[in-house]
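Here's data21.txt, which has compact mmCIF, C-alpha atoms:
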# COMPACT_ATOMS: atom_id res chain seq x y z
CA MET A 11 -31.46 -29.73 34.05
CA ILE A 12 -29.90 -26.75 32.33
CA ALA A 13 -30.16 -26.42 28.57
CA GLN A 14 -27.13 -26.93 26.37
CA ASN A 15 -25.34 -23.71 25.30
CA PHE A 16 -27.01 -21.84 22.50
CA GLU A 17 -26.85 -18.47 20.78
CA TYR A 18 -29.76 -16.16 21.26
CA VAL A 19 -30.88 -13.71 18.62
CA VAL A 20 -33.76 -11.23 18.64
CA PRO A 21 -34.81 -10.19 15.14
CA SER A 22 -36.92 -7.06 14.75
CA SER A 23 -39.11 -8.38 11.96
CA LEU A 24 -40.46 -11.70 10.77
CA GLY A 25 -38.54 -11.29 7.52
CA GLU A 26 -35.28 -10.99 9.46
CA ALA A 27 -36.24 -14.09 11.43
CA VAL A 28 -36.77 -15.99 8.17
CA ASN A 29 -33.32 -14.90 6.94
CA LEU A 30 -31.71 -16.08 10.18
CA LEU A 31 -33.59 -19.36 9.97
CA GLU A 32 -32.47 -19.80 6.38
CA LYS A 33 -28.84 -19.20 7.40
CA HIS A 34 -28.83 -21.63 10.32
CA THR A 35 -31.54 -24.04 9.13
CA GLU A 36 -30.11 -27.21 10.57
CA HIS A 37 -29.45 -25.89 14.04
CA ALA A 38 -31.94 -23.09 14.63
CA LYS A 39 -35.34 -23.02 16.29
CA ILE A 40 -37.91 -20.27 16.50
CA LEU A 41 -38.85 -19.25 20.04
CA ALA A 42 -42.25 -17.64 20.62
CA GLY A 43 -43.85 -18.18 24.05
CA GLY A 44 -41.33 -20.91 24.84
CA HIS A 45 -43.68 -23.12 26.78
CA SER A 46 -43.07 -26.24 24.72
CA LEU A 47 -39.54 -25.69 23.44
CA ILE A 48 -37.85 -24.53 26.67
CA PRO A 49 -38.93 -27.57 28.75
CA MET A 50 -37.62 -29.82 25.96
CA MET A 51 -34.33 -27.90 25.90
CA LYS A 52 -33.96 -28.17 29.65
CA LEU A 53 -34.28 -31.93 29.35
CA ARG A 54 -31.84 -31.79 26.43
CA LEU A 55 -34.31 -33.55 24.20
CA ALA A 56 -34.01 -30.50 21.97
CA THR A 57 -30.55 -28.97 21.57
CA PRO A 58 -30.81 -26.09 19.09
CA GLU A 59 -27.64 -24.03 18.64
CA PHE A 60 -29.52 -20.89 17.59
CA LEU A 61 -32.63 -19.64 19.25
CA ILE A 62 -34.44 -16.99 17.24
CA ASP A 63 -36.75 -15.19 19.63
CA ILE A 64 -39.63 -13.67 17.68
CA SER A 65 -41.66 -12.81 20.77
CA ARG A 66 -40.75 -9.11 20.46
CA VAL A 67 -41.55 -8.79 16.76
CA PRO A 68 -44.27 -6.13 16.63
CA GLY A 69 -47.63 -6.49 14.95
CA LEU A 70 -48.15 -10.22 15.32
CA SER A 71 -50.60 -10.23 18.20
CA TYR A 72 -54.12 -9.47 17.01
CA ILE A 73 -57.58 -10.91 16.55
CA LYS A 74 -59.82 -9.37 13.90
CA GLU A 75 -62.67 -10.28 11.64
CA ASP A 76 -63.15 -9.15 8.08
CA SER A 77 -65.61 -10.47 5.51
CA GLY A 78 -66.40 -13.71 7.30
CA THR A 79 -62.83 -14.60 8.25
CA ILE A 80 -61.27 -14.32 11.68
CA ARG A 81 -57.55 -13.57 11.50
CA ILE A 82 -55.33 -14.33 14.46
CA GLY A 83 -51.70 -13.22 14.57
CA ALA A 84 -49.18 -15.95 15.34
CA LEU A 85 -48.00 -14.33 18.58
CA THR A 86 -51.48 -14.00 20.09
CA THR A 87 -51.42 -15.68 23.49
CA HIS A 88 -53.82 -18.37 24.61
CA TYR A 89 -55.12 -15.96 27.28
CA THR A 90 -55.93 -13.30 24.68
CA ILE A 91 -57.83 -15.85 22.62
CA GLU A 92 -59.59 -17.30 25.65
CA THR A 93 -60.86 -13.87 26.70
CA SER A 94 -61.63 -12.40 23.26
CA ASP A 95 -65.31 -11.46 22.89
CA LEU A 96 -65.06 -11.88 19.16
CA ILE A 97 -63.82 -15.47 19.41
CA ARG A 98 -66.29 -16.32 22.18
CA ARG A 99 -69.14 -15.07 19.98
CA ARG A 100 -68.01 -16.35 16.59
CA LEU A 101 -66.00 -19.49 17.30
CA PRO A 102 -66.49 -20.58 20.90
CA ALA A 103 -64.73 -23.91 20.24
CA LEU A 104 -61.48 -21.96 19.98
CA SER A 105 -62.10 -20.02 23.23
CA ASP A 106 -62.82 -23.34 24.94
CA ALA A 107 -59.58 -24.82 23.62
CA ALA A 108 -57.48 -21.79 24.60
CA GLY A 109 -58.96 -21.75 28.11
CA LEU A 110 -58.18 -25.41 28.66
CA ILE A 111 -54.48 -25.23 27.74
CA GLY A 112 -52.04 -25.93 30.58
CA ASP A 113 -52.29 -23.44 33.43
CA VAL A 114 -52.50 -19.63 33.77
CA GLN A 115 -48.76 -19.15 33.33
CA VAL A 116 -48.73 -21.20 30.12
CA ARG A 117 -51.76 -19.35 28.77
CA ASN A 118 -50.21 -15.97 29.51
CA LYS A 119 -47.01 -16.74 27.61
CA GLY A 120 -47.84 -19.48 25.12
CA THR A 121 -48.90 -18.43 21.59
CA ILE A 122 -51.21 -19.98 19.01
CA GLY A 123 -48.54 -19.87 16.30
CA GLY A 124 -46.00 -21.56 18.55
CA SER A 125 -48.45 -24.21 19.64
CA ILE A 126 -49.50 -25.26 16.15
CA ALA A 127 -45.95 -25.12 14.76
CA HIS A 128 -44.83 -27.40 17.59
CA ALA A 129 -47.68 -29.84 16.76
CA ASP A 130 -47.75 -31.78 19.98
CA PRO A 131 -50.07 -34.76 19.39
CA ALA A 132 -51.96 -33.80 22.56
CA ALA A 133 -52.22 -30.05 21.93
CA ASP A 134 -55.71 -28.52 22.20
CA TYR A 135 -55.90 -26.11 19.26
CA PRO A 136 -55.52 -28.56 16.36
CA ALA A 137 -59.00 -30.08 16.93
CA SER A 138 -60.73 -26.68 16.56
CA ILE A 139 -58.43 -25.50 13.80
CA LEU A 140 -59.11 -28.62 11.72
CA ALA A 141 -62.85 -28.52 12.39
CA ALA A 142 -62.99 -24.84 11.41
CA ASP A 143 -61.23 -25.51 8.08
CA ALA A 144 -58.65 -22.91 8.97
CA THR A 145 -55.84 -21.72 6.74
CA ILE A 146 -52.33 -21.26 8.11
CA VAL A 147 -50.33 -18.43 6.58
CA ALA A 148 -46.59 -19.09 6.67
CA LEU A 149 -43.77 -16.74 5.76
CA GLY A 150 -40.70 -18.17 4.06
CA PRO A 151 -37.78 -16.91 1.96
CA LYS A 152 -40.00 -16.87 -1.13
CA GLY A 153 -42.80 -14.98 0.54
CA GLU A 154 -46.11 -16.07 1.98
CA ARG A 155 -47.78 -19.42 1.56
CA GLN A 156 -51.25 -20.53 2.57
CA ILE A 157 -51.56 -24.02 4.01
CA PRO A 158 -54.99 -25.56 4.60
CA ALA A 159 -55.34 -26.99 8.11
CA SER A 160 -56.17 -30.40 6.61
CA LYS A 161 -52.63 -30.52 5.16
CA PHE A 162 -50.84 -28.79 8.05
CA PHE A 163 -50.65 -31.45 10.79
CA VAL A 164 -48.55 -34.12 9.14
CA ASP A 165 -47.43 -36.29 12.04
CA MET A 166 -46.27 -36.14 15.62
CA LEU A 167 -44.36 -32.85 16.14
CA THR A 168 -44.28 -32.54 12.37
CA THR A 169 -46.13 -29.98 10.24
CA ALA A 170 -46.23 -29.00 6.59
CA LEU A 171 -43.97 -26.02 7.39
CA ASP A 172 -40.61 -26.03 5.67
CA ARG A 173 -37.56 -25.63 7.89
CA ASN A 174 -37.25 -22.00 6.90
CA GLU A 175 -40.90 -21.04 7.28
CA ILE A 176 -42.63 -19.34 10.20
CA VAL A 177 -46.35 -19.20 10.98
CA ARG A 178 -47.57 -15.62 10.54
CA GLU A 179 -51.34 -15.86 10.81
CA ILE A 180 -54.21 -18.27 11.32
CA GLN A 181 -57.34 -17.60 9.28
CA LEU A 182 -60.63 -19.11 10.36
CA PRO A 183 -63.73 -18.81 8.20
CA VAL A 184 -66.87 -18.21 10.26
CA LYS A 185 -70.48 -18.39 9.21
CA SER A 186 -73.46 -16.37 10.22
CA GLY A 187 -76.71 -18.19 10.76
CA LYS A 188 -77.69 -20.93 13.13
CA THR A 189 -74.23 -22.13 14.07
CA GLY A 190 -72.62 -23.45 17.22
CA SER A 191 -69.28 -24.85 18.27
CA ALA A 192 -67.59 -26.35 21.33
CA TYR A 193 -64.39 -28.08 22.41
CA LEU A 194 -64.28 -30.59 25.25
CA LYS A 195 -61.40 -32.62 26.55
CA MET A 196 -60.35 -35.31 28.91
CA ALA A 197 -57.02 -34.11 30.29
CA GLN A 198 -54.14 -36.03 31.77
CA LYS A 199 -54.27 -34.94 35.40
CA ALA A 200 -50.68 -33.91 35.95
CA SER A 201 -49.75 -32.27 32.64
CA GLY A 202 -53.18 -31.06 31.51
CA PHE A 203 -52.46 -32.41 28.02
CA ALA A 204 -55.43 -33.90 26.16
CA ILE A 205 -55.82 -37.66 26.30
CA CYS A 206 -58.73 -36.91 24.03
CA GLY A 207 -60.11 -33.57 22.91
CA ALA A 208 -62.97 -33.06 20.47
CA ALA A 209 -64.07 -29.89 18.72
CA ALA A 210 -67.44 -29.80 17.00
CA LEU A 211 -68.75 -27.10 14.66
CA ILE A 212 -72.29 -27.33 13.37
CA GLU A 213 -74.81 -25.38 11.35
CA LEU A 214 -78.56 -25.99 11.39
CA ASP A 215 -80.87 -25.21 8.49
CA GLY A 216 -84.40 -23.81 8.77
CA SER A 217 -85.88 -27.23 9.46
CA GLY A 218 -83.44 -27.94 12.31
CA ALA A 219 -81.37 -30.44 10.29
CA LEU A 220 -77.56 -30.35 10.29
CA SER A 221 -76.50 -28.55 7.12
CA ASN A 222 -72.84 -28.57 8.19
CA VAL A 223 -70.95 -30.78 10.65
CA ALA A 224 -67.24 -30.77 11.40
CA ILE A 225 -65.51 -32.71 14.16
CA GLY A 226 -61.80 -32.46 14.95
CA ILE A 227 -60.15 -34.84 17.40
CA THR A 228 -56.80 -34.41 19.13
CA GLY A 229 -54.75 -36.38 21.67
CA VAL A 230 -55.84 -39.73 20.29
CA ALA A 231 -53.42 -40.31 17.40
CA ASN A 232 -50.04 -39.00 16.19
CA HIS A 233 -51.80 -35.91 14.93
CA ALA A 234 -55.30 -34.43 15.09
CA PHE A 235 -57.82 -35.73 12.59
CA ARG A 236 -61.37 -35.14 11.36
CA ALA A 237 -64.09 -37.69 12.20
CA ALA A 238 -65.06 -37.80 8.52
CA LYS A 239 -67.36 -40.81 8.66
CA THR A 240 -69.39 -39.38 11.53
CA GLU A 241 -69.64 -36.03 9.74
CA ALA A 242 -70.90 -37.67 6.55
CA GLU A 243 -73.44 -39.73 8.41
CA LEU A 244 -74.87 -36.72 10.22
CA LYS A 245 -75.11 -34.28 7.35
CA GLY A 246 -78.72 -33.47 6.48
CA LYS A 247 -80.12 -35.23 9.54
CA LYS A 248 -81.92 -33.84 12.54
CA PRO A 249 -79.64 -34.32 15.51
CA SER A 250 -81.65 -36.45 17.89
CA ALA A 251 -79.82 -38.19 20.73
CA ASP A 252 -80.07 -41.51 18.89
CA VAL A 253 -78.80 -40.13 15.60
CA LEU A 254 -75.79 -38.51 17.30
CA LYS A 255 -74.94 -41.59 19.31
CA LYS A 256 -75.10 -43.89 16.30
CA ALA A 257 -73.01 -41.63 14.07
CA CYS A 258 -70.37 -41.05 16.74
CA GLU A 259 -69.72 -44.76 16.98
CA HIS A 260 -67.62 -44.21 13.84
CA ALA A 261 -65.71 -41.17 15.11
CA SER A 262 -62.42 -43.06 15.40
CA ASP A 263 -62.84 -45.69 12.66
CA GLY A 264 -59.56 -46.61 11.02
CA VAL A 265 -57.46 -44.52 13.41
CA VAL A 266 -54.19 -45.85 14.81
CA ALA A 267 -54.27 -44.61 18.39
CA LEU A 268 -51.49 -43.65 20.79
CA ASP A 269 -50.93 -45.94 23.74
CA ASP A 270 -49.18 -44.96 26.99
CA ILE A 271 -49.41 -45.43 30.74
CA HIS A 272 -52.25 -42.90 30.95
CA ALA A 273 -54.58 -44.47 28.42
CA SER A 274 -54.52 -47.53 26.20
CA ALA A 275 -55.16 -47.26 22.46
CA ASP A 276 -58.61 -48.86 22.79
CA TYR A 277 -59.56 -46.49 25.56
CA ARG A 278 -58.48 -43.49 23.50
CA LEU A 279 -60.52 -44.70 20.51
CA ASP A 280 -63.55 -45.02 22.78
CA LEU A 281 -62.97 -41.57 24.28
CA ALA A 282 -62.98 -40.16 20.73
CA ARG A 283 -66.45 -41.65 20.15
CA VAL A 284 -67.77 -40.33 23.47
CA PHE A 285 -66.23 -36.86 23.19
CA ALA A 286 -67.33 -36.43 19.57
CA ARG A 287 -70.90 -36.91 20.78
CA ARG A 288 -70.53 -34.63 23.79
CA GLY A 289 -68.86 -31.99 21.65
CA LEU A 290 -71.74 -32.12 19.15
CA GLU A 291 -74.31 -31.88 21.94
CA ALA A 292 -72.53 -28.85 23.40
CA ALA A 293 -72.25 -27.21 19.95
CA ILE A 294 -75.96 -27.78 19.26
CA GLY A 295 -76.79 -26.37 22.68
CA ARG A 296 -74.99 -23.17 21.70
CA THR A 297 -76.82 -22.52 18.43
CA ALA A 298 -78.45 -19.15 18.64
CA MET B 16 -45.11 -50.23 25.86
CA LYS B 17 -46.60 -52.57 23.29
CA ILE B 18 -46.41 -51.67 19.65
CA GLU B 19 -48.00 -53.53 16.79
CA GLY B 20 -48.71 -52.89 13.16
CA GLU B 21 -48.84 -54.08 9.58
CA PHE B 22 -47.33 -52.99 6.32
CA ALA B 23 -48.38 -54.15 2.86
CA PHE B 24 -45.70 -54.57 0.19
CA ASP B 25 -47.80 -54.42 -2.96
CA GLY B 26 -46.48 -56.41 -5.87
CA ILE B 27 -43.44 -57.66 -3.95
CA ALA B 28 -43.05 -61.34 -2.99
CA PRO B 29 -41.88 -62.39 0.51
CA LEU B 30 -38.45 -63.53 -0.71
CA PRO B 31 -37.07 -60.13 -1.77
CA VAL B 32 -38.60 -58.50 1.32
CA TRP B 33 -36.89 -61.08 3.50
CA GLY B 34 -33.62 -60.58 1.65
CA PHE B 35 -33.73 -56.83 2.20
CA LEU B 36 -34.69 -56.97 5.87
CA THR B 37 -31.87 -59.34 6.77
CA ASP B 38 -29.13 -57.53 4.86
CA ALA B 39 -27.27 -54.92 6.93
CA ASN B 40 -26.27 -52.80 3.95
CA ARG B 41 -29.77 -52.62 2.67
CA ILE B 42 -31.26 -51.89 6.10
CA ALA B 43 -28.83 -49.00 6.41
CA GLU B 44 -30.13 -47.56 3.11
CA CYS B 45 -33.58 -47.16 4.60
CA LEU B 46 -33.21 -46.73 8.35
CA PRO B 47 -34.08 -43.05 8.94
CA GLY B 48 -31.06 -41.10 10.16
CA CYS B 49 -28.79 -44.15 10.03
CA GLU B 50 -25.19 -42.96 10.17
CA LYS B 51 -23.49 -46.27 10.71
CA LEU B 52 -24.53 -49.91 10.59
CA ILE B 53 -21.82 -52.52 10.82
CA GLN B 54 -22.04 -56.25 11.17
CA THR B 55 -20.41 -57.51 14.36
CA GLY B 56 -21.35 -61.19 14.14
CA GLN B 57 -23.87 -63.63 12.78
CA ASP B 58 -27.04 -61.50 12.48
CA ALA B 59 -25.69 -58.96 14.96
CA TYR B 60 -25.10 -55.31 14.09
CA GLN B 61 -23.89 -52.12 15.65
CA MET B 62 -25.59 -48.93 14.64
CA GLU B 63 -25.56 -45.21 15.01
CA MET B 64 -28.74 -43.39 14.25
CA ARG B 65 -29.69 -39.73 14.31
CA VAL B 66 -33.29 -39.50 15.39
CA GLY B 67 -35.01 -36.23 14.62
CA ILE B 68 -38.69 -35.75 15.32
CA GLY B 69 -39.64 -32.11 15.42
CA PRO B 70 -37.45 -30.33 17.94
CA ILE B 71 -36.35 -33.58 19.55
CA SER B 72 -33.11 -34.88 18.15
CA GLY B 73 -30.19 -36.90 19.25
CA VAL B 74 -27.75 -39.58 18.20
CA PHE B 75 -28.46 -43.06 19.45
CA ARG B 76 -25.75 -45.68 19.46
CA GLY B 77 -26.68 -49.28 19.98
CA SER B 78 -27.03 -52.76 18.68
CA ILE B 79 -29.51 -54.81 16.68
CA ARG B 80 -29.67 -58.57 16.82
CA LEU B 81 -31.81 -60.82 14.66
CA HIS B 82 -32.53 -64.29 15.98
CA ASP B 83 -34.77 -67.34 15.52
CA LEU B 84 -34.79 -66.72 11.79
CA GLN B 85 -37.26 -68.82 9.80
CA PRO B 86 -36.50 -67.65 6.27
CA THR B 87 -39.30 -65.78 4.50
CA LEU B 88 -41.71 -66.43 7.41
CA GLN B 89 -40.58 -64.73 10.57
CA TYR B 90 -37.72 -63.60 12.81
CA GLN B 91 -37.18 -61.99 16.17
CA MET B 92 -35.36 -58.71 16.60
CA SER B 93 -33.81 -57.07 19.66
CA VAL B 94 -32.72 -53.43 19.60
CA GLU B 95 -30.86 -51.47 22.21
CA GLY B 96 -29.73 -47.89 21.98
CA SER B 97 -28.65 -45.00 24.15
CA GLY B 98 -27.85 -41.35 23.65
CA ALA B 99 -28.27 -37.95 25.29
CA PRO B 100 -32.09 -38.15 25.29
CA GLY B 101 -32.01 -41.45 27.21
CA PHE B 102 -32.07 -45.12 26.34
CA VAL B 103 -34.49 -47.26 24.39
CA LYS B 104 -34.77 -51.02 24.38
CA GLY B 105 -37.07 -53.08 22.26
CA ALA B 106 -37.79 -56.66 21.27
CA GLY B 107 -40.28 -57.95 18.78
CA THR B 108 -41.34 -60.35 16.08
CA ILE B 109 -41.57 -59.66 12.37
CA GLN B 110 -43.76 -61.96 10.30
CA LEU B 111 -44.14 -62.09 6.54
CA ALA B 112 -47.04 -63.69 4.69
CA PRO B 113 -47.90 -63.67 0.99
CA ASN B 114 -51.26 -62.12 0.15
CA ASP B 115 -53.17 -61.48 -3.10
CA THR B 116 -51.14 -58.44 -4.03
CA GLY B 117 -47.70 -59.15 -2.59
CA THR B 118 -46.52 -59.49 0.98
CA LEU B 119 -48.13 -58.52 4.24
CA LEU B 120 -45.69 -57.78 7.03
CA HIS B 121 -46.84 -57.87 10.62
CA TYR B 122 -44.74 -56.55 13.50
CA SER B 123 -45.33 -56.65 17.21
CA GLY B 124 -43.05 -55.85 20.09
CA ASP B 125 -42.42 -54.17 23.34
CA ILE B 126 -40.43 -50.95 23.88
CA THR B 127 -39.05 -49.60 27.13
CA ALA B 128 -37.29 -46.29 27.57
CA GLY B 129 -35.43 -44.53 30.36
CA GLY B 130 -33.77 -41.19 31.03
CA PRO B 131 -35.19 -37.78 30.07
CA ILE B 132 -37.01 -39.25 27.09
CA ALA B 133 -39.08 -41.46 29.38
CA GLY B 134 -40.15 -38.51 31.53
CA VAL B 135 -41.31 -36.06 28.91
CA GLY B 136 -41.50 -38.30 25.91
CA GLN B 137 -43.36 -41.20 27.51
CA ARG B 138 -46.61 -40.38 25.77
CA MET B 139 -44.83 -39.97 22.45
CA ILE B 140 -42.49 -42.94 22.33
CA GLY B 141 -45.00 -45.34 20.78
CA GLY B 142 -46.03 -42.83 18.15
CA ALA B 143 -42.44 -41.88 17.39
CA ALA B 144 -41.46 -45.53 16.98
CA ARG B 145 -44.37 -46.06 14.62
CA MET B 146 -43.28 -43.02 12.60
CA VAL B 147 -39.74 -44.37 12.18
CA ILE B 148 -41.00 -47.88 11.37
CA ASP B 149 -43.41 -46.53 8.76
CA GLN B 150 -40.73 -44.41 7.10
CA PHE B 151 -38.46 -47.45 7.05
CA PHE B 152 -40.97 -49.82 5.44
CA LYS B 153 -42.08 -47.19 2.91
CA CYS B 154 -38.47 -46.77 1.88
CA VAL B 155 -37.98 -50.55 1.63
CA ALA B 156 -41.09 -50.89 -0.53
CA GLY B 157 -39.87 -48.03 -2.73
CA LYS B 158 -36.42 -49.56 -3.24
CA LEU B 159 -37.81 -53.03 -3.93
CA SER B 160 -40.42 -51.93 -6.45
CA ALA B 161 -37.81 -49.83 -8.26
CA THR B 162 -35.62 -52.86 -8.94
Any chance you could give the structure as structure tokens?
Amino acid sequence: MIAQNFEYVVPSSLGEAVNLLEKHTEHAKILAGGHSLIPMMKLRLATPEFLIDISRVPGLSYIKEDSGTIRIGALTTHYTIETSDLIRRRLPALSDAAGLIGDVQVRNKGTIGGSIAHADPAADYPASILAADATIVALGPKGERQIPASKFFVDMLTTALDRNEIVREIQLPVKSGKTGSAYLKMAQKASGFAICGAAALIELDGSGALSNVAIGITGVANHAFRAAKTEAELKGKKPSADVLKKACEHASDGVVALDDIHASADYRLDLARVFARRGLEAAIGRTA
Amino acid sequence: MKIEGEFAFDGIAPLPVWGFLTDANRIAECLPGCEKLIQTGQDAYQMEMRVGIGPISGVFRGSIRLHDLQPTLQYQMSVEGSGAPGFVKGAGTIQLAPNDTGTLLHYSGDITAGGPIAGVGQRMIGGAARMVIDQFFKCVAGKLSAT
């Protein structure tokens, strides 16, 4: 199908984009890579009257690290993240996630800011972003605001962003020491979307016990979540196969799971338990 | 697609909950995006609802019918709606039971959808329905505990 008529505007700065968004709040959408919004517009599920294309705003595509924080500009593509040495070295769970998104075309055009603002329940990034305790920097009419990842993903296709706010940067704290991280997913064959994806970030102390454990799970529920009970059970323990298996049995406790023709709710809950364990094993295997 | 869930109305007895859920005017107060809800017969209503979940939005027009009412215990509900994003049909049972702190509502039903929404939105329909249902019951609980 062909999208409904819309007006197309190309602001030259993010501030100008915020002003335009403020003016047309009810009917405007921000366009970045366009790989989620455009398909929805073509099906007329989304019918914005104003499309504000920020893809040509300069200075929003970067990956850098300063004082223990990786900063990623909102317009950085999945491909750039997938192939960044810095990310591969410091937060491999995020490289894994970027490399598993859609196909080459999607990864070349799609952006991290666009993906998280869209908040598809089956998107790959949210698992790693939650597990890494990231901070999302949003620009609005009143200036910048920092939103912790734990508060960002509110519900299906719904984030903590106000209607007139735009994601500007994603900040991910990284640790030095004996750390490892990984993201694994079970994808729906045709679309590549995650039926279940799990990101695990761990840190081992001198004795080989887990001093930090974080597990983010996507694709299973309306929005990504942390496997808090499993994390609590593992903290301070040495990660033997038995210990991991037992703790991961609680990875999806209390979660209301999605249910569709590709996977039942019970199956998704079980996948969360299995992938939490595999993610942890992969993360531990990567500790330097 | 099957959908099932519970909602606890703390400090509210089954009778007022029942009264609210079977009164068109009150339903309209809480149904997210409800633009019109008019009674067309005994326990039958016509509605117009603007559904907006993220970038997906559209106006659905359709009907709601309540049947097999057993006051304060349970009733059946059929919903039908169509709009630009496609059509949605659903049927289910709503049960109320008193518990220690108020009323526990249990809902279960089946939803089918067709048109564009079924193609791209298939994997999201259940979750979207749950989101709307949750918003609705939260609003009902809010209005009832305020009175």
Which distance in Å separates CA of Arg80 in chain B and CA of Phe151 in chain B, to one decimal?
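Value for the CA of Arg80 in chain B-CA of Phe151 in chain B distance: 17.2 Å.
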Up to 7 Å from chain B, what residues of chain A turn up? Count all atoms listed in the file and give them as a list in words.
Leu53, Arg54, Leu55, Ala56, Leu167, Thr168, Asn232, Leu268, Asp269 and Asp270 of chain A
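For Tyr122 in chain B, the residues within 9 Å (counting all atoms listed in the file, excluding itself and residues fewer than 5 positions away along the chain) are B:Ile18, B:Glu19, B:Gly20, B:Glu21, B:Phe22, B:Gly107, B:Thr108, B:Ile109, B:Gln110, B:Leu111.
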Between CA of Ala59 in chain B and CA of Trp33 in chain B, what is the distance in Å, rounded to a tenth?
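Value for the CA of Ala59 in chain B-CA of Trp33 in chain B distance: 16.2 Å.
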Non-local contacts of Ala106 in chain B (9 Å; all atoms listed in the file; under 4 positions in same chain excluded) as a VMD selection string
chain B and resid 91 to 95 123 to 126
Writer output for current selection, C-alpha atoms, as a PDB file, in the coordinates of the input:
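The resulting file, part26.pdb, is shown below:
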ATOM      1  CA  GLN B  91     -37.180 -61.990  16.170  1.00  0.00           C
ATOM      2  CA  MET B  92     -35.360 -58.710  16.600  1.00  0.00           C
ATOM      3  CA  SER B  93     -33.810 -57.070  19.660  1.00  0.00           C
ATOM      4  CA  VAL B  94     -32.720 -53.430  19.600  1.00  0.00           C
ATOM      5  CA  GLU B  95     -30.860 -51.470  22.210  1.00  0.00           C
ATOM      6  CA  SER B 123     -45.330 -56.650  17.210  1.00  0.00           C
ATOM      7  CA  GLY B 124     -43.050 -55.850  20.090  1.00  0.00           C
ATOM      8  CA  ASP B 125     -42.420 -54.170  23.340  1.00  0.00           C
ATOM      9  CA  ILE B 126     -40.430 -50.950  23.880  1.00  0.00           C
TER      10      ILE B 126
END
If I take CA of Ala231 in chain A and CA of Ile48 in chain A, how far is one from the other in Å, to one decimal?
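Answer for the CA of Ala231 in chain A to CA of Ile48 in chain A separation: 24.0 Å.
Proximity ranking of A:Ser274, A:Thr228, A:Gln14, A:Ser23 relative to Tyr135 in chain A places A:Thr228 first, based on all atoms listed in the file.
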Who sits within 7 Å of Ile53 in chain B, only C-alpha atoms, same chain under 4 positions skipped, as a PyMOL selection string
chain B and resi 60-62
Can I get the selected residues back with C-alpha atoms, as a short mmCIF file (atom, residue, chain, number, x, y, z; two decimals), in the frame of the given file?
data_model
loop_
_atom_site.label_atom_id
_atom_site.label_comp_id
_atom_site.auth_asym_id
_atom_site.auth_seq_id
_atom_site.Cartn_x
_atom_site.Cartn_y
_atom_site.Cartn_z
CA TYR B 60 -25.10 -55.31 14.09
CA GLN B 61 -23.89 -52.12 15.65
CA MET B 62 -25.59 -48.93 14.64
#
Would you list the contacts of Glu259 in chain A as a CSV table (one decimal) with C-alpha atoms, in the frame of the given file, taking every protein, DNA or RNA residue within 8 Å and counting all atoms listed in the file, but skipping same-chain residues closer than 3 positions in sequence?
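That gives us selection_25.csv:
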chain,number,residue,atom,x,y,z
A,240,THR,CA,-69.4,-39.4,11.5
A,255,LYS,CA,-74.9,-41.6,19.3
A,256,LYS,CA,-75.1,-43.9,16.3
A,262,SER,CA,-62.4,-43.1,15.4
A,283,ARG,CA,-66.4,-41.6,20.2
Tell me which protein, DNA and RNA residues are within 7 Å of Leu290 in chain A, counting only C-alpha atoms, leaving out same-chain ones fewer than 4 positions away, and put them as a VMD selection string.
chain A and resid 210 286 294
Listed atoms of range 153-168 of chain A boxed axis-aligned with 3 Å per side, centre + edges as lines of an AutoDock Vina configuration file:
center_x = -49.5
center_y = -25.6
center_z = 8.3
size_x = 19.4
size_y = 27.3
size_z = 21.6
May I have the protein, DNA and RNA residues with an atom at most 9 Å from (-51.0, -54.3, 0.1), counting only C-alpha atoms in the file's coordinates, returned as number ranges by chain?
B: 22-26, 114-119
Name the residues, using the chain letters and numbers of the file, that sit within 7 Å of (-38.1, -46.4, 28.2) when counting only C-alpha atoms, and give them as a list in words.
Phe102, Val103, Lys104, Ile126, Thr127, Ala128, Gly129 and Ala133 of chain B
